[in-house]
$ cat structure-v5.txt   # compact mmCIF, C-alpha atoms and all ligand atoms
# COMPACT_ATOMS: atom_id res chain seq x y z
CA MET A 11 145.25 59.46 90.54
CA HIS A 12 148.85 60.23 89.61
CA ILE A 13 150.49 62.83 91.83
CA ASP A 14 153.62 64.48 90.55
CA ILE A 15 156.13 64.62 93.42
CA GLN A 16 159.00 67.07 93.72
CA LYS A 17 160.91 66.41 96.95
CA THR A 18 162.72 69.10 98.83
CA THR A 19 166.50 69.03 98.73
CA GLU A 20 166.70 71.21 101.86
CA SER A 21 164.58 69.67 104.60
CA ARG A 22 164.10 72.03 107.55
CA ILE A 23 163.36 69.26 110.02
CA GLY A 24 166.90 69.21 111.45
CA GLN A 25 166.61 72.87 112.50
CA THR A 26 163.18 72.43 114.06
CA ASP A 27 162.98 72.48 117.85
CA PHE A 28 159.93 70.27 118.43
CA ASP A 29 160.03 70.91 122.19
CA ASN A 30 159.47 74.65 121.80
CA ILE A 31 156.95 75.09 119.03
CA VAL A 32 154.86 78.23 118.67
CA PHE A 33 151.49 77.46 117.04
CA GLY A 34 151.44 78.03 113.29
CA HIS A 35 154.96 79.36 112.71
CA VAL A 36 156.78 76.23 111.56
CA PHE A 37 155.75 74.40 108.39
CA ALA A 38 156.34 70.83 107.25
CA ASP A 39 158.60 70.47 104.20
CA HIS A 40 155.99 69.86 101.50
CA MET A 41 152.54 70.89 100.29
CA PHE A 42 149.95 69.24 98.06
CA ILE A 43 148.42 71.36 95.28
CA VAL A 44 145.70 70.71 92.70
CA ASP A 45 144.18 73.30 90.34
CA TYR A 46 140.66 73.73 89.00
CA GLU A 47 140.28 75.00 85.45
CA ASP A 48 137.89 74.32 82.54
CA SER A 49 135.50 72.69 85.07
CA GLN A 50 138.05 70.04 86.07
CA TRP A 51 140.59 69.40 88.81
CA LYS A 52 144.02 69.16 87.18
CA ASN A 53 147.69 68.64 87.81
CA PRO A 54 147.79 67.20 91.37
CA ARG A 55 151.32 67.65 92.69
CA ILE A 56 153.43 67.76 95.81
CA LYS A 57 156.27 70.25 96.03
CA PRO A 58 158.36 71.94 98.71
CA TYR A 59 156.37 74.28 100.98
CA GLY A 60 157.00 77.82 99.78
CA PRO A 61 155.59 81.03 98.31
CA LEU A 62 152.88 81.02 95.65
CA THR A 63 152.88 83.29 92.62
CA LEU A 64 149.83 85.56 92.67
CA ASN A 65 148.50 88.20 90.30
CA PRO A 66 147.38 91.52 91.81
CA ALA A 67 143.86 90.95 90.45
CA LEU A 68 143.61 87.49 92.08
CA SER A 69 139.91 87.24 92.84
CA ALA A 70 140.31 85.58 96.28
CA LEU A 71 142.13 88.69 97.49
CA HIS A 72 139.42 91.11 96.36
CA TYR A 73 136.13 89.26 96.78
CA GLY A 74 137.04 86.68 99.36
CA GLN A 75 136.30 83.32 97.77
CA SER A 76 138.47 81.40 100.19
CA ILE A 77 137.60 78.49 102.48
CA PHE A 78 139.58 76.19 104.71
CA GLU A 79 139.61 73.22 107.04
CA GLY A 80 141.58 72.35 110.15
CA MET A 81 142.46 68.80 111.14
CA LYS A 82 145.21 66.98 113.00
CA ALA A 83 147.46 63.96 112.49
CA PHE A 84 148.89 62.04 115.45
CA LYS A 85 151.73 59.54 115.74
CA ARG A 86 150.86 56.34 117.58
CA SER A 87 153.53 54.70 119.74
CA ASP A 88 154.21 52.12 116.98
CA GLY A 89 154.95 54.96 114.56
CA HIS A 90 151.66 54.72 112.62
CA ILE A 91 150.04 58.01 111.69
CA LEU A 92 146.41 58.49 112.66
CA LEU A 93 143.88 60.95 111.29
CA PHE A 94 140.71 61.87 113.17
CA ARG A 95 137.45 61.81 111.16
CA PRO A 96 139.05 63.19 107.95
CA GLU A 97 135.91 62.48 105.89
CA GLU A 98 134.06 65.01 108.01
CA ASN A 99 136.57 67.67 107.02
CA TRP A 100 136.20 66.75 103.35
CA ASN A 101 132.41 66.90 103.71
CA ARG A 102 132.42 70.27 105.44
CA LEU A 103 134.90 71.75 102.95
CA ASN A 104 132.44 70.92 100.18
CA LYS A 105 129.51 72.45 102.11
CA SER A 106 131.55 75.62 102.51
CA ALA A 107 132.46 75.51 98.80
CA VAL A 108 128.83 75.29 97.67
CA ARG A 109 127.83 78.23 99.89
CA ILE A 110 130.28 80.62 98.29
CA CYS A 111 130.03 79.35 94.69
CA MET A 112 133.23 77.34 94.58
CA PRO A 113 133.62 73.88 93.00
CA THR A 114 133.46 70.86 95.29
CA ILE A 115 136.47 68.60 95.51
CA PRO A 116 136.11 64.83 94.89
CA LYS A 117 136.84 62.62 97.88
CA ASP A 118 139.66 60.71 96.16
CA ILE A 119 141.58 63.90 95.36
CA PHE A 120 141.21 65.16 98.95
CA MET A 121 142.13 61.82 100.56
CA ASP A 122 144.87 60.71 98.13
CA GLY A 123 146.45 64.15 98.24
CA LEU A 124 146.31 64.17 102.03
CA LYS A 125 147.73 60.68 102.41
CA SER A 126 150.51 61.07 99.81
CA TRP A 127 151.60 64.35 101.37
CA LEU A 128 151.51 62.85 104.89
CA ALA A 129 153.58 59.88 103.73
CA LEU A 130 156.24 62.29 102.51
CA ASP A 131 156.14 64.52 105.62
CA SER A 132 155.53 61.76 108.19
CA ASP A 133 158.63 62.76 110.16
CA TRP A 134 156.89 66.09 110.83
CA VAL A 135 154.14 64.40 112.85
CA PRO A 136 155.36 64.77 116.46
CA SER A 137 154.94 61.91 118.89
CA ILE A 138 155.55 63.79 122.15
CA GLY A 139 152.99 64.90 124.77
CA ASP A 140 150.29 67.26 123.55
CA HIS A 141 151.88 67.64 120.12
CA SER A 142 150.42 66.84 116.71
CA LEU A 143 150.63 67.92 113.09
CA TYR A 144 147.97 70.54 112.44
CA ILE A 145 146.78 70.21 108.82
CA ARG A 146 145.35 73.09 106.86
CA PRO A 147 143.52 72.17 103.61
CA PHE A 148 142.22 75.28 101.84
CA MET A 149 140.79 76.45 98.54
CA TYR A 150 140.90 79.89 96.96
CA ALA A 151 139.83 81.61 93.76
CA THR A 152 142.61 82.26 91.26
CA ASP A 153 140.99 84.16 88.38
CA ASP A 154 143.08 87.13 87.31
CA TYR A 155 140.01 89.28 86.69
CA LEU A 156 138.64 92.32 88.47
CA GLY A 157 134.92 91.85 87.70
CA VAL A 158 132.64 90.54 90.44
CA LYS A 159 131.63 86.97 89.65
CA PRO A 160 132.46 83.51 90.92
CA SER A 161 135.98 82.72 89.75
CA SER A 162 136.40 80.10 87.01
CA LYS A 163 139.75 78.93 88.42
CA TYR A 164 140.74 77.72 91.89
CA SER A 165 143.60 76.08 93.75
CA PHE A 166 143.26 73.55 96.55
CA ILE A 167 146.30 73.19 98.82
CA ILE A 168 147.18 71.10 101.87
CA TYR A 169 150.05 72.01 104.15
CA GLY A 170 150.83 71.41 107.81
CA CYS A 171 152.41 72.74 111.00
CA PRO A 172 153.72 70.71 113.92
CA VAL A 173 151.92 72.18 116.95
CA ASN A 174 151.66 72.11 120.70
CA ALA A 175 148.52 72.97 122.73
CA TYR A 176 146.71 76.02 121.25
CA TYR A 177 145.83 77.55 124.61
CA SER A 178 148.32 77.20 127.43
CA GLU A 179 145.91 78.44 130.11
CA PRO A 180 142.20 78.26 130.95
CA LEU A 181 140.10 80.67 128.88
CA ARG A 182 138.74 84.08 129.81
CA ILE A 183 135.80 84.85 127.56
CA LYS A 184 133.75 87.97 126.85
CA ILE A 185 130.14 87.36 125.85
CA GLU A 186 129.56 89.71 122.91
CA ASP A 187 126.54 92.03 123.18
CA TYR A 188 127.02 94.30 120.18
CA TYR A 189 129.12 92.92 117.31
CA VAL A 190 127.93 90.06 115.11
CA ARG A 191 129.76 87.12 113.54
CA ALA A 192 126.95 85.41 111.67
CA VAL A 193 123.32 85.95 110.80
CA THR A 194 120.50 83.72 109.54
CA GLY A 195 120.80 83.52 105.76
CA GLY A 196 124.52 84.27 105.95
CA VAL A 197 127.65 82.13 105.84
CA GLY A 198 128.27 81.38 109.54
CA TYR A 199 128.05 77.62 109.05
CA ALA A 200 130.71 77.70 106.32
CA LYS A 201 134.40 77.75 107.16
CA THR A 202 135.21 80.82 105.08
CA ALA A 203 138.18 83.15 105.48
CA GLY A 204 135.70 86.06 105.48
CA ASN A 205 134.02 84.90 108.69
CA TYR A 206 137.34 85.22 110.44
CA ALA A 207 138.01 88.68 108.99
CA ALA A 208 134.54 89.82 110.10
CA ALA A 209 135.14 88.59 113.65
CA MET A 210 138.59 90.06 114.18
CA TYR A 211 137.66 93.56 115.33
CA ALA A 212 135.40 92.46 118.18
CA SER A 213 137.88 89.78 119.23
CA HIS A 214 140.65 92.37 119.16
CA LEU A 215 138.62 94.64 121.48
CA ALA A 216 137.93 91.70 123.80
CA GLN A 217 141.65 90.84 123.82
CA LYS A 218 142.55 94.42 124.72
CA MET A 219 140.27 93.99 127.76
CA GLY A 220 142.19 90.87 128.78
CA TYR A 221 139.97 88.15 127.32
CA HIS A 222 141.14 85.41 124.96
CA GLN A 223 138.02 85.32 122.79
CA SER A 224 134.49 86.57 122.25
CA LEU A 225 131.51 84.29 122.77
CA TRP A 226 129.09 85.30 120.03
CA THR A 227 125.39 85.74 120.54
CA ASP A 228 122.56 85.80 117.99
CA ALA A 229 122.54 88.75 115.60
CA PHE A 230 118.93 89.83 116.17
CA GLU A 231 118.63 90.18 119.95
CA HIS A 232 122.01 89.16 121.40
CA LYS A 233 119.90 86.92 123.55
CA TYR A 234 121.13 83.42 122.68
CA LEU A 235 124.64 82.04 122.95
CA GLU A 236 126.19 80.76 119.73
CA GLU A 237 129.91 79.92 119.59
CA LEU A 238 133.40 81.30 120.04
CA GLY A 239 134.37 81.87 116.42
CA THR A 240 137.13 79.27 116.44
CA SER A 241 135.39 76.76 118.67
CA ASN A 242 131.99 75.63 119.92
CA PHE A 243 130.59 76.32 123.38
CA PHE A 244 129.39 73.97 126.13
CA ALA A 245 128.17 74.53 129.69
CA LEU A 246 127.42 72.03 132.43
CA ILE A 247 124.35 73.09 134.38
CA ARG A 248 123.63 70.73 137.26
CA ASP A 249 124.19 67.37 135.57
CA THR A 250 123.19 68.39 132.05
CA LEU A 251 125.62 69.34 129.33
CA ILE A 252 124.13 72.08 127.18
CA THR A 253 125.37 73.38 123.84
CA PRO A 254 123.65 75.75 121.40
CA GLN A 255 121.79 73.83 118.69
CA LEU A 256 123.22 73.85 115.17
CA SER A 257 121.88 76.48 112.81
CA GLU A 258 123.05 78.54 109.84
CA THR A 259 124.97 80.75 112.24
CA ILE A 260 126.99 78.06 113.97
CA LEU A 261 129.86 76.06 112.55
CA LYS A 262 129.27 72.33 112.87
CA GLY A 263 132.41 71.43 114.78
CA ILE A 264 133.74 67.91 114.47
CA THR A 265 135.08 68.20 118.02
CA ARG A 266 131.62 69.38 119.14
CA ASP A 267 130.01 66.30 117.62
CA SER A 268 132.65 63.98 119.13
CA VAL A 269 132.35 65.54 122.60
CA ILE A 270 128.56 65.16 122.53
CA GLN A 271 128.99 61.47 121.70
CA LEU A 272 131.64 60.90 124.38
CA ALA A 273 129.53 62.68 127.03
CA LYS A 274 126.56 60.46 126.11
CA ASP A 275 128.84 57.41 126.36
CA LEU A 276 129.58 58.52 129.94
CA GLY A 277 125.84 58.55 130.65
CA ILE A 278 125.63 62.33 130.77
CA LYS A 279 122.48 64.04 129.57
CA VAL A 280 123.24 66.32 126.61
CA GLU A 281 120.92 69.01 125.31
CA GLU A 282 121.37 70.77 121.95
CA ARG A 283 118.94 73.64 122.03
CA LEU A 284 118.50 77.41 122.23
CA PHE A 285 120.66 78.56 125.12
CA ALA A 286 119.95 82.07 126.42
CA VAL A 287 122.60 84.26 128.04
CA SER A 288 120.08 84.87 130.86
CA GLU A 289 119.87 81.13 131.53
CA LEU A 290 123.65 80.94 131.92
CA LEU A 291 123.71 83.96 134.28
CA MET A 292 120.77 82.64 136.31
CA ALA A 293 122.28 79.17 136.62
CA ASN A 294 125.46 80.77 137.91
CA LYS A 295 123.58 82.86 140.50
CA LYS A 296 121.82 79.75 141.76
CA GLY A 297 125.11 77.87 142.00
CA MET A 298 124.02 75.40 139.31
CA LEU A 299 126.56 76.36 136.66
CA LYS A 300 129.40 73.93 137.20
CA GLU A 301 131.59 74.28 134.13
CA ALA A 302 131.96 75.84 130.72
CA PHE A 303 134.35 74.87 127.94
CA ALA A 304 135.15 75.36 124.27
CA THR A 305 135.77 72.65 121.69
CA GLY A 306 137.71 72.72 118.42
CA THR A 307 140.43 70.86 116.56
CA ALA A 308 143.12 73.39 117.47
CA ALA A 309 141.91 74.05 121.04
CA THR A 310 140.67 70.45 121.68
CA VAL A 311 138.59 70.78 124.89
CA ALA A 312 139.52 74.10 126.48
CA PRO A 313 138.17 74.86 129.97
CA ILE A 314 136.76 78.35 130.58
CA GLU A 315 137.57 79.92 133.96
CA HIS A 316 135.99 83.34 133.45
CA LEU A 317 132.96 84.54 131.47
CA HIS A 318 132.14 88.24 131.30
CA TYR A 319 128.82 89.76 130.25
CA LYS A 320 128.00 93.48 130.57
CA GLY A 321 129.70 94.03 133.93
CA GLU A 322 128.79 90.61 135.33
CA ASP A 323 131.51 88.06 135.91
CA ILE A 324 131.25 84.31 136.17
CA ARG A 325 134.19 82.43 137.70
CA LEU A 326 134.38 78.70 137.20
CA ASN A 327 136.44 75.83 138.50
CA VAL A 328 138.76 74.31 135.92
CA GLU A 329 140.90 72.09 138.16
CA GLY A 330 140.74 68.40 138.89
CA ASP A 331 138.35 65.81 137.51
CA THR A 332 136.06 68.25 135.74
CA LEU A 333 133.95 66.98 132.86
CA ALA A 334 136.04 69.11 130.47
CA ASN A 335 139.25 67.47 131.65
CA ILE A 336 137.72 63.99 131.50
CA LEU A 337 136.39 64.55 127.97
CA LYS A 338 139.68 66.07 126.81
CA LYS A 339 141.64 63.07 128.10
CA LYS A 340 139.21 60.60 126.52
CA LEU A 341 139.23 62.35 123.17
CA ASP A 342 143.03 62.72 123.14
CA SER A 343 143.52 59.11 123.98
CA ILE A 344 141.21 57.98 121.15
CA LYS A 345 142.94 60.31 118.67
CA ARG A 346 146.37 59.00 119.64
CA GLY A 347 145.30 55.36 119.47
CA TYR A 348 145.65 54.62 123.22
CA THR A 349 141.96 53.89 123.74
CA LEU A 350 139.84 51.56 121.63
CA ASP A 351 138.01 53.64 119.02
CA THR A 352 134.48 52.25 119.24
CA HIS A 353 133.02 54.93 116.94
CA GLY A 354 135.19 54.31 113.87
CA TRP A 355 136.64 57.84 114.05
CA VAL A 356 140.33 57.09 113.69
CA VAL A 357 141.83 56.48 110.26
CA PRO A 358 145.36 55.01 110.14
CA VAL A 359 147.34 56.30 107.17
C1 LIG B 1 136.66 75.36 112.82
C2 LIG B 1 135.68 76.02 113.66
C3 LIG B 1 135.16 75.42 114.83
C4 LIG B 1 135.64 74.09 115.35
O1 LIG B 1 135.38 73.03 114.48
P1 LIG B 1 136.17 71.64 114.65
O2 LIG B 1 135.69 70.81 113.52
O3 LIG B 1 135.81 71.10 115.96
O4 LIG B 1 137.62 71.97 114.56
C5 LIG B 1 134.17 76.10 115.52
N1 LIG B 1 133.73 77.31 115.12
C6 LIG B 1 134.21 77.92 114.01
C7 LIG B 1 133.66 79.23 113.59
C8 LIG B 1 135.21 77.30 113.25
O5 LIG B 1 135.68 77.91 112.16
$ encode --input "structure-v5.txt" --output "structure tokens" --more "lines below"
Ligand SMILES: *Cc1c(COP(=O)(O)O)cnc(C)c1O
Amino acid sequence: MHIDIQKTTESRIGQTDFDNIVFGHVFADHMFIVDYEDSQWKNPRIKPYGPLTLNPALSALHYGQSIFEGMKAFKRSDGHILLFRPEENWNRLNKSAVRICMPTIPKDIFMDGLKSWLALDSDWVPSIGDHSLYIRPFMYATDDYLGVKPSSKYSFIIYGCPVNAYYSEPLRIKIEDYYVRAVTGGVGYAKTAGNYAAAMYASHLAQKMGYHQSLWTDAFEHKYLEELGTSNFFALIRDTLITPQLSETILKGITRDSVIQLAKDLGIKVEERLFAVSELLMANKKGMLKEAFATGTAATVAPIEHLHYKGEDIRLNVEGDTLANILKKKLDSIKRGYTLDTHGWVVPV
């Protein structure tokens, strides 16, 4: 695949303070773009990161055909850039695409675009501490047409932000008992922009009450725990790690899958199954609930110190050699190339 490359003449890297980065505000110099038209992907190119030209009738803006991925690149001590399970992101992007009537993207376009762009912006991959380059591949509908139908034209873009840790403190979480993120038959398992829009109001209310995030429950009875809307949920009850089983209403997190594998490697029993709110509350009352944490690419493994449900509060230990901290360290060290990657997850670029 030939990619047309237009390099920036005004790199912003000199003005970037990598030690004091706020998540998602600073962008690497370039972006990769490819367009879909006449049933084909066309004109792959890399150009300076910057504004796009949009028509007011752009169908993504009105009817929401827009999907995305989130992944990270790390710089190993020898300067090599490492990606973590990028094929999984490509795979999931295409599952999301199918669900909302968008075209799938061939693997070579996704991977070659990603790698060529990373080669150009490699200086933007930080090597310090908790830092990494957060990568945002996304696809949106570009028809300039007001009628309701799947668009015939799309753009796929990859850009990136150097980032620090997403959460700087342990999480306080409100278990949601009224609002709904996803329902059976819906699009909860797809990484669509619309899922985020639909979740914002309840999360905003939870944030006004002092919580970081909502923990969603099932749409029919609010009886079973699902996920946090940007990350998946785990709890350690006695010596068993429990996470809600995958379904149409839960996003299949790549971090979730990796954490399950790493916990099993440690000899820990892992259960993926229906997980009732009442079970969590009961385990806490009996002193059997040891930990809870969230997993996602941006958040990595984020310990939860406080869970709230209808006037009941659960306080959890997040300090020391908790399972969450052990898993976070293990995962980080694999991603950064410090620990031998026995699962074939890390892809050097
Ligand atoms: C992206 C996302 C996650 C986390 O997935 P990872 O692949 O681990 O980053 C979890 N839940 C939702 C709703 C998401 O959009």
$ residues_around --input "structure-v5.txt" --residues "Trp355 in chain A" --least-positions-apart "3" --cutoff "8 Å" --atoms "all atoms listed in the file" --output "PyMOL selection string"
chain A and resi 94-95+351-352
$ write_last_selection --input "structure-v5.txt" --atoms "C-alpha atoms" --output "PDB file, keeping the file's coordinate frame"
ATOM      1  CA  PHE A  94     140.710  61.870 113.170  1.00  0.00           C
ATOM      2  CA  ARG A  95     137.450  61.810 111.160  1.00  0.00           C
ATOM      3  CA  ASP A 351     138.010  53.640 119.020  1.00  0.00           C
ATOM      4  CA  THR A 352     134.480  52.250 119.240  1.00  0.00           C
TER       5      THR A 352
END
$ residues_around --input "structure-v5.txt" --residues "Trp127 in chain A" --least-positions-apart "5" --cutoff "8 Å" --atoms "all atoms listed in the file" --output "PyMOL selection string"
chain A and resi 40-42+56
$ residues_around --input "structure-v5.txt" --residues "Leu92 in chain A" --least-positions-apart "4" --cutoff "9 Å" --atoms "all atoms listed in the file" --output "count of residues only"
12
$ residues_near_ligand --input "structure-v5.txt" --ligand "ligand LIG 1 (chain B)" --cutoff "6 Å" --atoms "only C-alpha atoms and all ligand atoms" --output "number ranges by chain"
A: 80, 201, 239-242, 261, 263-266, 305-307
$ write_last_selection --input "structure-v5.txt" --atoms "C-alpha atoms" --output "PDB file, in the coordinates of the input"
ATOM      1  CA  GLY A  80     141.580  72.350 110.150  1.00  0.00           C
ATOM      2  CA  LYS A 201     134.400  77.750 107.160  1.00  0.00           C
ATOM      3  CA  GLY A 239     134.370  81.870 116.420  1.00  0.00           C
ATOM      4  CA  THR A 240     137.130  79.270 116.440  1.00  0.00           C
ATOM      5  CA  SER A 241     135.390  76.760 118.670  1.00  0.00           C
ATOM      6  CA  ASN A 242     131.990  75.630 119.920  1.00  0.00           C
ATOM      7  CA  LEU A 261     129.860  76.060 112.550  1.00  0.00           C
ATOM      8  CA  GLY A 263     132.410  71.430 114.780  1.00  0.00           C
ATOM      9  CA  ILE A 264     133.740  67.910 114.470  1.00  0.00           C
ATOM     10  CA  THR A 265     135.080  68.200 118.020  1.00  0.00           C
ATOM     11  CA  ARG A 266     131.620  69.380 119.140  1.00  0.00           C
ATOM     12  CA  THR A 305     135.770  72.650 121.690  1.00  0.00           C
ATOM     13  CA  GLY A 306     137.710  72.720 118.420  1.00  0.00           C
ATOM     14  CA  THR A 307     140.430  70.860 116.560  1.00  0.00           C
TER      15      THR A 307
END
$ residues_around --input "structure-v5.txt" --residues "range 308-313 of chain A" --least-positions-apart "4" --cutoff "7 Å" --atoms "only C-alpha atoms" --output "PDB file with C-alpha atoms, in the coordinates of the input"
ATOM      1  CA  ALA A 175     148.520  72.970 122.730  1.00  0.00           C
ATOM      2  CA  TYR A 176     146.710  76.020 121.250  1.00  0.00           C
ATOM      3  CA  TYR A 177     145.830  77.550 124.610  1.00  0.00           C
ATOM      4  CA  PRO A 180     142.200  78.260 130.950  1.00  0.00           C
ATOM      5  CA  LEU A 181     140.100  80.670 128.880  1.00  0.00           C
ATOM      6  CA  ALA A 302     131.960  75.840 130.720  1.00  0.00           C
ATOM      7  CA  PHE A 303     134.350  74.870 127.940  1.00  0.00           C
ATOM      8  CA  ALA A 304     135.150  75.360 124.270  1.00  0.00           C
ATOM      9  CA  VAL A 328     138.760  74.310 135.920  1.00  0.00           C
ATOM     10  CA  ALA A 334     136.040  69.110 130.470  1.00  0.00           C
ATOM     11  CA  LYS A 338     139.680  66.070 126.810  1.00  0.00           C
TER      12      LYS A 338
END
$ atom_distance --input "structure-v5.txt" --atom1 "CA of Tyr319 in chain A" --atom2 "CA of Glu186 in chain A"
7.4 Å
$ closest_residue --input "structure-v5.txt" --among "A:Asp323, A:Gly198, A:Leu333, A:Phe230" --to "Arg248 in chain A" --atoms "all atoms listed in the file"
A:Leu333
